file work.txt (compact mmCIF, C-alpha atoms)
# COMPACT_ATOMS: atom_id res chain seq x y z
CA MET A 1421 -52.91 20.03 -58.56
CA ARG A 1422 -56.22 19.85 -60.41
CA VAL A 1423 -59.18 22.12 -59.78
CA ILE A 1424 -62.74 22.20 -60.99
CA GLU A 1425 -63.38 25.71 -59.71
CA PRO A 1426 -60.64 28.03 -61.06
CA TRP A 1427 -60.89 30.55 -58.21
CA VAL A 1428 -59.80 27.81 -55.80
CA ALA A 1429 -56.42 27.36 -57.50
CA ASP A 1430 -54.43 30.27 -56.04
CA PRO A 1431 -55.48 29.84 -52.40
CA LEU A 1432 -54.92 26.09 -52.64
CA GLN A 1433 -51.49 26.58 -54.21
CA ARG A 1434 -50.54 28.88 -51.33
CA PHE A 1435 -51.83 26.33 -48.82
CA LEU A 1436 -49.75 23.58 -50.41
CA ALA A 1437 -46.61 25.72 -50.45
CA GLU A 1438 -47.00 26.86 -46.86
CA SER A 1439 -48.22 23.68 -45.22
CA SER A 1440 -46.08 21.17 -47.18
CA ALA A 1441 -49.11 18.87 -47.29
CA ARG A 1442 -48.76 15.77 -49.47
CA LEU A 1443 -52.36 15.14 -50.46
CA VAL A 1444 -55.32 17.50 -50.48
CA LEU A 1445 -58.90 16.87 -51.49
CA LEU A 1446 -61.63 19.50 -51.43
CA THR A 1447 -65.18 18.27 -51.99
CA THR A 1448 -68.66 19.60 -51.52
CA SER A 1449 -70.81 17.79 -49.02
CA SER A 1450 -72.75 16.44 -52.02
CA GLY A 1451 -69.66 14.62 -53.28
CA GLN A 1452 -68.49 16.97 -56.02
CA VAL A 1453 -64.72 17.15 -56.09
CA VAL A 1454 -63.67 20.81 -56.15
CA ALA A 1455 -59.91 20.29 -56.23
CA GLN A 1456 -57.28 17.70 -55.53
CA HIS A 1457 -53.53 17.54 -55.20
CA GLY A 1458 -51.35 14.46 -54.98
CA PHE A 1459 -53.84 11.77 -55.97
CA THR A 1460 -52.90 9.87 -59.12
CA ARG A 1461 -55.90 7.57 -59.47
CA ALA A 1462 -59.58 8.45 -59.78
CA LEU A 1463 -60.40 5.45 -57.61
CA ASP A 1464 -58.37 6.88 -54.72
CA VAL A 1465 -60.15 10.23 -55.03
CA MET A 1466 -63.49 8.49 -55.08
CA SER A 1467 -62.66 6.46 -51.97
CA ALA A 1468 -61.23 9.43 -50.10
CA ALA A 1469 -64.19 11.66 -50.98
CA ALA A 1470 -66.71 9.03 -49.90
CA LEU A 1471 -64.85 8.20 -46.68
CA GLY A 1472 -64.32 11.87 -45.82
CA ALA A 1473 -67.98 12.67 -46.30
CA ALA A 1474 -69.00 9.61 -44.28
CA ILE A 1475 -66.66 10.51 -41.42
CA MET A 1476 -67.88 14.10 -41.32
CA ALA A 1477 -71.50 12.91 -41.36
CA SER A 1478 -70.77 10.47 -38.51
CA THR A 1479 -68.96 13.04 -36.38
CA ASP A 1480 -71.67 15.65 -37.02
CA GLU A 1481 -74.26 13.14 -35.84
CA LEU A 1482 -72.10 12.26 -32.84
CA GLY A 1483 -71.89 15.95 -32.04
CA ARG A 1484 -75.66 16.23 -32.27
CA ILE A 1485 -76.23 13.24 -29.98
CA THR A 1486 -73.75 14.49 -27.39
CA ALA A 1487 -74.93 18.11 -27.75
CA SER A 1488 -71.40 19.21 -28.52
CA GLY A 1489 -72.37 20.65 -31.89
CA ALA A 1490 -71.16 19.90 -35.39
CA SER A 1491 -67.52 18.90 -35.57
CA ARG A 1492 -65.16 21.43 -37.13
CA ALA A 1493 -62.16 19.21 -37.69
CA LEU A 1494 -60.62 15.93 -36.69
CA SER A 1495 -57.18 14.51 -37.12
CA HIS A 1496 -55.46 11.16 -37.07
CA GLN A 1497 -51.74 10.72 -36.56
CA GLY A 1498 -50.21 7.60 -38.03
CA PRO A 1499 -46.58 6.49 -37.66
CA SER A 1500 -45.42 8.35 -40.77
CA ARG A 1501 -48.40 10.33 -42.02
CA GLY A 1502 -51.21 12.31 -40.46
CA VAL A 1503 -54.71 12.98 -41.73
CA PHE A 1504 -56.64 16.19 -41.12
CA LEU A 1505 -60.32 16.36 -42.03
CA SER A 1506 -62.43 19.48 -41.73
CA GLY A 1507 -65.88 20.68 -42.74
CA PHE A 1508 -66.31 24.37 -43.45
CA ASP A 1509 -68.87 26.71 -44.94
CA VAL A 1510 -68.40 28.80 -48.07
CA PRO A 1511 -71.16 30.75 -49.87
CA GLN A 1512 -71.65 27.68 -52.13
CA GLY A 1513 -72.52 25.51 -49.14
CA ARG A 1514 -70.64 23.11 -46.89
CA TRP A 1515 -67.33 21.82 -48.17
CA ILE A 1516 -65.01 19.15 -46.80
CA GLY A 1517 -61.23 19.35 -46.81
CA LEU A 1518 -59.04 16.26 -46.47
CA VAL A 1519 -55.32 16.82 -45.95
CA VAL A 1520 -52.59 14.20 -45.62
CA TYR A 1521 -49.21 15.36 -44.31
CA ASP A 1522 -45.94 13.75 -43.26
CA HIS A 1523 -42.76 14.68 -41.40
CA ASP A 1524 -42.28 17.78 -43.54
CA SER A 1525 -45.30 19.30 -41.84
CA SER A 1526 -47.29 19.00 -38.63
CA LEU A 1527 -50.86 19.12 -37.42
CA GLY A 1528 -50.26 22.65 -36.15
CA LEU A 1529 -49.03 23.89 -39.52
CA VAL A 1530 -51.84 22.18 -41.42
CA ARG A 1531 -54.45 23.62 -39.06
CA LEU A 1532 -52.92 27.08 -39.21
CA PHE A 1533 -52.77 27.28 -42.99
CA PHE A 1534 -56.04 25.42 -43.52
CA ASP A 1535 -57.82 28.11 -41.50
CA ARG A 1536 -56.22 30.70 -43.78
CA LEU A 1537 -57.26 28.70 -46.85
CA VAL A 1538 -60.85 28.66 -45.63
CA GLY A 1539 -60.71 32.42 -45.04
CA GLU A 1540 -59.39 33.03 -48.56
CA LEU A 1541 -61.93 30.69 -50.16
CA THR A 1542 -64.75 32.41 -48.31
CA ALA A 1543 -63.53 35.82 -49.47
CA LEU A 1544 -62.98 34.77 -53.09
CA ALA A 1545 -66.06 32.60 -53.58
CA PRO A 1546 -68.37 33.88 -56.30
CA VAL A 1547 -71.93 34.49 -55.18
CA GLU A 1548 -74.11 31.61 -56.29
CA THR A 1549 -77.46 30.11 -55.50
CA PRO A 1550 -77.65 28.48 -52.06
CA ALA A 1551 -76.76 24.79 -51.80
CA ARG A 1552 -79.63 22.38 -52.17
CA GLU A 1553 -80.37 19.41 -49.96
CA VAL A 1554 -77.97 16.50 -50.44
CA LEU A 1555 -79.44 13.21 -51.60
CA ALA A 1556 -77.59 9.89 -51.79
CA ALA A 1557 -78.12 9.66 -55.54
CA ASP A 1558 -76.78 13.21 -56.02
CA PHE A 1559 -73.65 12.35 -54.07
CA GLU A 1560 -72.70 9.49 -56.40
CA ASN A 1561 -73.64 11.37 -59.58
CA GLU A 1562 -71.73 14.51 -58.63
CA LEU A 1563 -68.71 12.55 -57.46
CA ASN A 1564 -68.58 10.64 -60.74
CA ALA A 1565 -69.04 13.82 -62.78
CA SER A 1566 -66.24 15.63 -61.00
CA LEU A 1567 -63.92 12.62 -61.33
CA ARG A 1568 -64.54 12.61 -65.08
CA SER A 1569 -63.58 16.29 -65.15
CA LEU A 1570 -60.45 15.75 -63.07
CA PHE A 1571 -59.17 12.57 -64.65
CA GLY A 1572 -60.76 12.77 -68.10
CA ARG A 1573 -62.69 9.52 -67.85
CA MET B 382 -43.90 14.69 -15.43
CA ASN B 383 -45.49 16.71 -12.64
CA VAL B 384 -44.71 20.32 -13.38
CA ASP B 385 -46.66 23.50 -12.68
CA LEU B 386 -46.56 24.68 -16.29
CA ALA B 387 -48.29 27.99 -15.61
CA GLY B 388 -45.95 28.80 -12.74
CA ALA B 389 -42.86 27.83 -14.70
CA LEU B 390 -43.93 29.92 -17.71
CA GLU B 391 -44.59 32.83 -15.38
CA LEU B 392 -40.92 32.79 -14.36
CA ILE B 393 -39.97 33.24 -18.03
CA THR B 394 -42.45 36.03 -18.73
CA ARG B 395 -41.23 37.89 -15.65
CA VAL B 396 -37.98 38.63 -17.44
CA VAL B 397 -38.11 42.20 -18.77
CA GLY B 398 -38.70 42.22 -22.52
CA VAL B 399 -40.38 38.80 -22.74
CA ARG B 400 -43.77 39.22 -24.42
CA GLY B 401 -44.89 35.66 -24.00
CA ALA B 402 -43.80 32.10 -23.39
CA MET B 403 -45.27 28.74 -24.27
CA VAL B 404 -44.73 25.02 -24.20
CA VAL B 405 -45.24 23.43 -27.62
CA SER B 406 -45.51 19.81 -28.75
CA ALA B 407 -42.59 19.55 -31.17
CA ASP B 408 -44.08 16.85 -33.41
CA GLU B 409 -47.54 18.33 -33.79
CA GLY B 410 -46.76 22.04 -33.44
CA LEU B 411 -49.61 22.56 -31.00
CA VAL B 412 -49.73 24.75 -27.89
CA VAL B 413 -49.49 22.76 -24.64
CA ALA B 414 -49.45 25.78 -22.32
CA GLU B 415 -48.90 29.49 -22.77
CA SER B 416 -48.48 32.62 -20.72
CA SER B 417 -48.86 36.32 -21.46
CA MET B 418 -49.24 35.97 -25.22
CA ASP B 419 -51.33 39.14 -25.62
CA GLY B 420 -51.27 40.34 -29.21
CA ILE B 421 -49.46 37.21 -30.33
CA GLU B 422 -51.18 34.47 -32.29
CA GLY B 423 -50.17 31.56 -30.06
CA ALA B 424 -51.27 28.74 -32.35
CA ALA B 425 -49.39 30.24 -35.28
CA VAL B 426 -46.21 30.77 -33.24
CA ALA B 427 -46.40 27.19 -31.96
CA ALA B 428 -46.91 25.65 -35.40
CA LEU B 429 -44.25 27.71 -37.14
CA THR B 430 -41.67 27.40 -34.33
CA ALA B 431 -42.06 23.62 -34.26
CA GLY B 432 -41.61 23.60 -38.04
CA VAL B 433 -38.44 25.71 -37.87
CA VAL B 434 -36.92 23.63 -35.07
CA SER B 435 -37.80 20.39 -36.87
CA ARG B 436 -36.06 21.57 -40.05
CA LEU B 437 -33.05 22.86 -38.11
CA THR B 438 -32.78 19.51 -36.35
CA ARG B 439 -32.77 17.71 -39.69
CA ALA B 440 -30.25 20.18 -41.09
CA THR B 441 -27.83 19.69 -38.20
CA ALA B 442 -28.29 15.92 -38.42
CA ALA B 443 -27.45 16.05 -42.14
CA ALA B 444 -24.35 18.04 -41.25
CA GLY B 445 -23.33 15.36 -38.76
CA ARG B 446 -24.03 17.53 -35.75
CA SER B 447 -26.26 16.92 -32.74
CA ALA B 448 -29.74 18.42 -32.47
CA PRO B 449 -29.88 22.11 -31.55
CA ALA B 450 -30.03 22.73 -27.80
CA PHE B 451 -31.05 26.37 -28.22
CA VAL B 452 -32.58 28.22 -31.17
CA HIS B 453 -32.45 32.00 -31.40
CA LEU B 454 -34.33 33.58 -34.30
CA GLN B 455 -33.51 37.27 -34.36
CA ALA B 456 -35.79 39.66 -36.24
CA GLU B 457 -36.16 43.43 -36.46
CA GLY B 458 -39.09 43.56 -34.09
CA GLY B 459 -37.80 41.04 -31.57
CA SER B 460 -36.63 37.50 -31.09
CA LEU B 461 -38.02 34.02 -30.88
CA LEU B 462 -36.14 31.67 -28.58
CA ALA B 463 -36.71 27.95 -28.29
CA VAL B 464 -35.21 25.18 -26.18
CA PRO B 465 -36.09 21.53 -26.85
CA ALA B 466 -37.21 19.62 -23.76
CA ALA B 467 -37.98 16.02 -22.97
CA GLU B 468 -41.30 14.38 -23.87
CA ASP B 469 -41.08 15.87 -27.39
CA LEU B 470 -41.72 19.39 -26.11
CA LEU B 471 -40.30 22.82 -26.88
CA VAL B 472 -40.12 25.75 -24.48
CA VAL B 473 -40.54 28.94 -26.49
CA ALA B 474 -40.29 32.65 -25.69
CA VAL B 475 -41.21 35.66 -27.82
CA THR B 476 -39.25 38.75 -26.84
CA ASP B 477 -38.62 42.40 -27.61
CA PRO B 478 -35.39 43.26 -29.47
CA ASP B 479 -33.55 44.60 -26.41
CA VAL B 480 -34.19 41.64 -24.12
CA ASN B 481 -31.43 40.02 -22.07
CA VAL B 482 -31.15 36.87 -24.21
CA GLY B 483 -28.80 35.14 -21.78
CA LEU B 484 -31.26 35.50 -18.94
CA VAL B 485 -34.20 34.26 -21.02
CA ARG B 486 -32.15 31.31 -22.24
CA LEU B 487 -31.35 30.45 -18.63
CA GLU B 488 -35.03 30.45 -17.70
CA LEU B 489 -35.98 28.44 -20.80
CA ARG B 490 -33.37 25.80 -20.02
CA ARG B 491 -34.44 25.71 -16.38
CA MET B 492 -38.00 24.96 -17.46
CA ALA B 493 -36.84 22.39 -20.02
CA GLU B 494 -34.96 20.59 -17.23
CA GLN B 495 -38.10 20.58 -15.10
CA LEU B 496 -39.99 18.94 -17.98
CA ALA B 497 -37.38 16.15 -18.20

call {"tool": "encode", "arguments": {"input": "work.txt", "output": "structure tokens"}}
result
Amino acid sequence: MRVIEPWVADPLQRFLAESSARLVLLTTSSGQVVAQHGFTRALDVMSAAALGAAIMASTDELGRITASGASRALSHQGPSRGVFLSGFDVPQGRWIGLVVYDHDSSLGLVRLFFDRLVGELTALAPVETPAREVLAADFENELNASLRSLFGR
Amino acid sequence: MNVDLAGALELITRVVGVRGAMVVSADEGLVVAESSMDGIEGAAVAALTAGVVSRLTRATAAAGRSAPAFVHLQAEGGSLLAVPAAEDLLVVAVTDPDVNVGLVRLELRRMAEQLA
């Protein structure tokens, strides 16, 4: 597990232990990677962060068009692995969580413990200045900066 | 499958000492239907019960035994009973400590047979 924000480490460690998730990626909606577990290549983190943000943006827009509101979470069940993607608000702004799990876990367990993770992150988050508007250029810059911090490149 | 889930769960919760009953998707650990789960976090019970039954099933398979037909988790404050059913479902009951386990098991199995 690698974290950019140290206060995220303990709640995320508990989530990993309780949910038995294989891969976890926490990013801000501006593309900054907050923490990751299970990824071995920066390229994979970059792809997952970009795809996760794009999916959440698409589903939020779909929710707006259909008047069903912003999406909270969505999941995909493959033959051997499942993917859970959720947007949530912390005092720092909107974050996105991407979780990949397999037969050692289930969607129910991931959802249950992810909700608890969000609760803990919200309670532990240091008070900071409100999030600014996300621009496309910021997304790429912040993603690259956080990948350099996580993978030392 | 054409089963009145609410009615069938009602028969389980009618047993004295049963605090709630639910049908859970075993693979996903999600609630399919529930009855009288006041004061009980249904989603949590569903997720954790499915996880326990899944691990027990793998443990019995590793030991060369067939999958569990009835799971009874006994705790100080009560019991959790689960019976696997067809269609990858579990029928689950949460009970007080002094419940008639045999009677609840009978009702759980009856419902599991209806789900077949």

call {"tool": "closest_atom_pairs", "arguments": {"input": "work.txt", "of": "chain A", "to": "chain B", "cutoff": "10 Å", "atoms": "only C-alpha atoms", "output": "tab-separated table"}}
result
residue	atom	partner	partner_atom	distance
A:Ser1439	CA	B:Gly432	CA	9.8
A:Gln1497	CA	B:Glu409	CA	9.1
A:Gly1502	CA	B:Glu409	CA	9.7
A:His1523	CA	B:Asp408	CA	8.4
A:Asp1524	CA	B:Gly432	CA	8.0
A:Ser1525	CA	B:Gly432	CA	6.8
A:Ser1526	CA	B:Glu409	CA	4.9
A:Leu1527	CA	B:Glu409	CA	5.0
A:Gly1528	CA	B:Gly410	CA	4.5
A:Leu1529	CA	B:Ala428	CA	5.0
A:Val1530	CA	B:Ala428	CA	8.5
A:Arg1531	CA	B:Ala428	CA	8.6
A:Leu1532	CA	B:Ala425	CA	6.2
A:Phe1533	CA	B:Ala425	CA	8.9

call {"tool": "closest_residue", "arguments": {"input": "work.txt", "among": "B:Gly401, B:Leu496, B:Asp419, B:Ala463", "to": "B:Pro449", "atoms": "only C-alpha atoms"}}
result
B:Ala463

call {"tool": "residues_around", "arguments": {"input": "work.txt", "residues": "A:Gly1451", "least_positions_apart": "5", "cutoff": "8 Å", "atoms": "all atoms listed in the file", "output": "PyMOL selection string"}}
result
chain A and resi 1469-1470+1473+1558-1560+1562-1563

call {"tool": "closest_residue", "arguments": {"input": "work.txt", "among": "B:Glu391, B:Glu422, B:Glu457, B:Glu468", "to": "B:Leu489", "atoms": "all atoms listed in the file"}}
result
B:Glu391

call {"tool": "residues_around", "arguments": {"input": "work.txt", "residues": "A:Gln1456", "least_positions_apart": "4", "cutoff": "7 Å", "atoms": "all atoms listed in the file", "output": "PDB file with C-alpha atoms, in the coordinates of the input"}}
result
ATOM      1  CA  MET A1421     -52.910  20.030 -58.560  1.00  0.00           C
ATOM      2  CA  ARG A1422     -56.220  19.850 -60.410  1.00  0.00           C
ATOM      3  CA  VAL A1423     -59.180  22.120 -59.780  1.00  0.00           C
ATOM      4  CA  VAL A1444     -55.320  17.500 -50.480  1.00  0.00           C
ATOM      5  CA  LEU A1445     -58.900  16.870 -51.490  1.00  0.00           C
ATOM      6  CA  LEU A1446     -61.630  19.500 -51.430  1.00  0.00           C
TER       7      LEU A1446
END

call {"tool": "closest_residue", "arguments": {"input": "work.txt", "among": "A:Ile1424, A:Ala1490, A:Leu1443, A:Leu1541", "to": "A:Ala1565", "atoms": "only C-alpha atoms"}}
result
A:Ile1424

call {"tool": "closest_residue", "arguments": {"input": "work.txt", "among": "B:Ala466, B:Val434, B:Ala493, B:Val399", "to": "B:Val452", "atoms": "only C-alpha atoms"}}
result
B:Val434

call {"tool": "residues_near_point", "arguments": {"input": "work.txt", "point": "(-62.0, 21.5, -45.4)", "cutoff": "12 Å", "atoms": "all atoms listed in the file", "output": "ChimeraX atom specification"}}
result
/A:1432,1435,1444-1449,1453-1456,1469,1472-1473,1476,1491-1495,1503-1510,1513-1520,1530-1531,1533-1539,1541-1542

call {"tool": "write_last_selection", "arguments": {"input": "work.txt", "atoms": "C-alpha atoms", "output": "PDB file, in the frame of the given file"}}
result
ATOM      1  CA  LEU A1432     -54.920  26.090 -52.640  1.00  0.00           C
ATOM      2  CA  PHE A1435     -51.830  26.330 -48.820  1.00  0.00           C
ATOM      3  CA  VAL A1444     -55.320  17.500 -50.480  1.00  0.00           C
ATOM      4  CA  LEU A1445     -58.900  16.870 -51.490  1.00  0.00           C
ATOM      5  CA  LEU A1446     -61.630  19.500 -51.430  1.00  0.00           C
ATOM      6  CA  THR A1447     -65.180  18.270 -51.990  1.00  0.00           C
ATOM      7  CA  THR A1448     -68.660  19.600 -51.520  1.00  0.00           C
ATOM      8  CA  SER A1449     -70.810  17.790 -49.020  1.00  0.00           C
ATOM      9  CA  VAL A1453     -64.720  17.150 -56.090  1.00  0.00           C
ATOM     10  CA  VAL A1454     -63.670  20.810 -56.150  1.00  0.00           C
ATOM     11  CA  ALA A1455     -59.910  20.290 -56.230  1.00  0.00           C
ATOM     12  CA  GLN A1456     -57.280  17.700 -55.530  1.00  0.00           C
ATOM     13  CA  ALA A1469     -64.190  11.660 -50.980  1.00  0.00           C
ATOM     14  CA  GLY A1472     -64.320  11.870 -45.820  1.00  0.00           C
ATOM     15  CA  ALA A1473     -67.980  12.670 -46.300  1.00  0.00           C
ATOM     16  CA  MET A1476     -67.880  14.100 -41.320  1.00  0.00           C
ATOM     17  CA  SER A1491     -67.520  18.900 -35.570  1.00  0.00           C
ATOM     18  CA  ARG A1492     -65.160  21.430 -37.130  1.00  0.00           C
ATOM     19  CA  ALA A1493     -62.160  19.210 -37.690  1.00  0.00           C
ATOM     20  CA  LEU A1494     -60.620  15.930 -36.690  1.00  0.00           C
ATOM     21  CA  SER A1495     -57.180  14.510 -37.120  1.00  0.00           C
ATOM     22  CA  VAL A1503     -54.710  12.980 -41.730  1.00  0.00           C
ATOM     23  CA  PHE A1504     -56.640  16.190 -41.120  1.00  0.00           C
ATOM     24  CA  LEU A1505     -60.320  16.360 -42.030  1.00  0.00           C
ATOM     25  CA  SER A1506     -62.430  19.480 -41.730  1.00  0.00           C
ATOM     26  CA  GLY A1507     -65.880  20.680 -42.740  1.00  0.00           C
ATOM     27  CA  PHE A1508     -66.310  24.370 -43.450  1.00  0.00           C
ATOM     28  CA  ASP A1509     -68.870  26.710 -44.940  1.00  0.00           C
ATOM     29  CA  VAL A1510     -68.400  28.800 -48.070  1.00  0.00           C
ATOM     30  CA  GLY A1513     -72.520  25.510 -49.140  1.00  0.00           C
ATOM     31  CA  ARG A1514     -70.640  23.110 -46.890  1.00  0.00           C
ATOM     32  CA  TRP A1515     -67.330  21.820 -48.170  1.00  0.00           C
ATOM     33  CA  ILE A1516     -65.010  19.150 -46.800  1.00  0.00           C
ATOM     34  CA  GLY A1517     -61.230  19.350 -46.810  1.00  0.00           C
ATOM     35  CA  LEU A1518     -59.040  16.260 -46.470  1.00  0.00           C
ATOM     36  CA  VAL A1519     -55.320  16.820 -45.950  1.00  0.00           C
ATOM     37  CA  VAL A1520     -52.590  14.200 -45.620  1.00  0.00           C
ATOM     38  CA  VAL A1530     -51.840  22.180 -41.420  1.00  0.00           C
ATOM     39  CA  ARG A1531     -54.450  23.620 -39.060  1.00  0.00           C
ATOM     40  CA  PHE A1533     -52.770  27.280 -42.990  1.00  0.00           C
ATOM     41  CA  PHE A1534     -56.040  25.420 -43.520  1.00  0.00           C
ATOM     42  CA  ASP A1535     -57.820  28.110 -41.500  1.00  0.00           C
ATOM     43  CA  ARG A1536     -56.220  30.700 -43.780  1.00  0.00           C
ATOM     44  CA  LEU A1537     -57.260  28.700 -46.850  1.00  0.00           C
ATOM     45  CA  VAL A1538     -60.850  28.660 -45.630  1.00  0.00           C
ATOM     46  CA  GLY A1539     -60.710  32.420 -45.040  1.00  0.00           C
ATOM     47  CA  LEU A1541     -61.930  30.690 -50.160  1.00  0.00           C
ATOM     48  CA  THR A1542     -64.750  32.410 -48.310  1.00  0.00           C
TER      49      THR A1542
END

call {"tool": "atom_distance", "arguments": {"input": "work.txt", "atom1": "atom CA of A:Leu1544", "atom2": "atom CA of A:Val1428"}}
result
8.1 Å
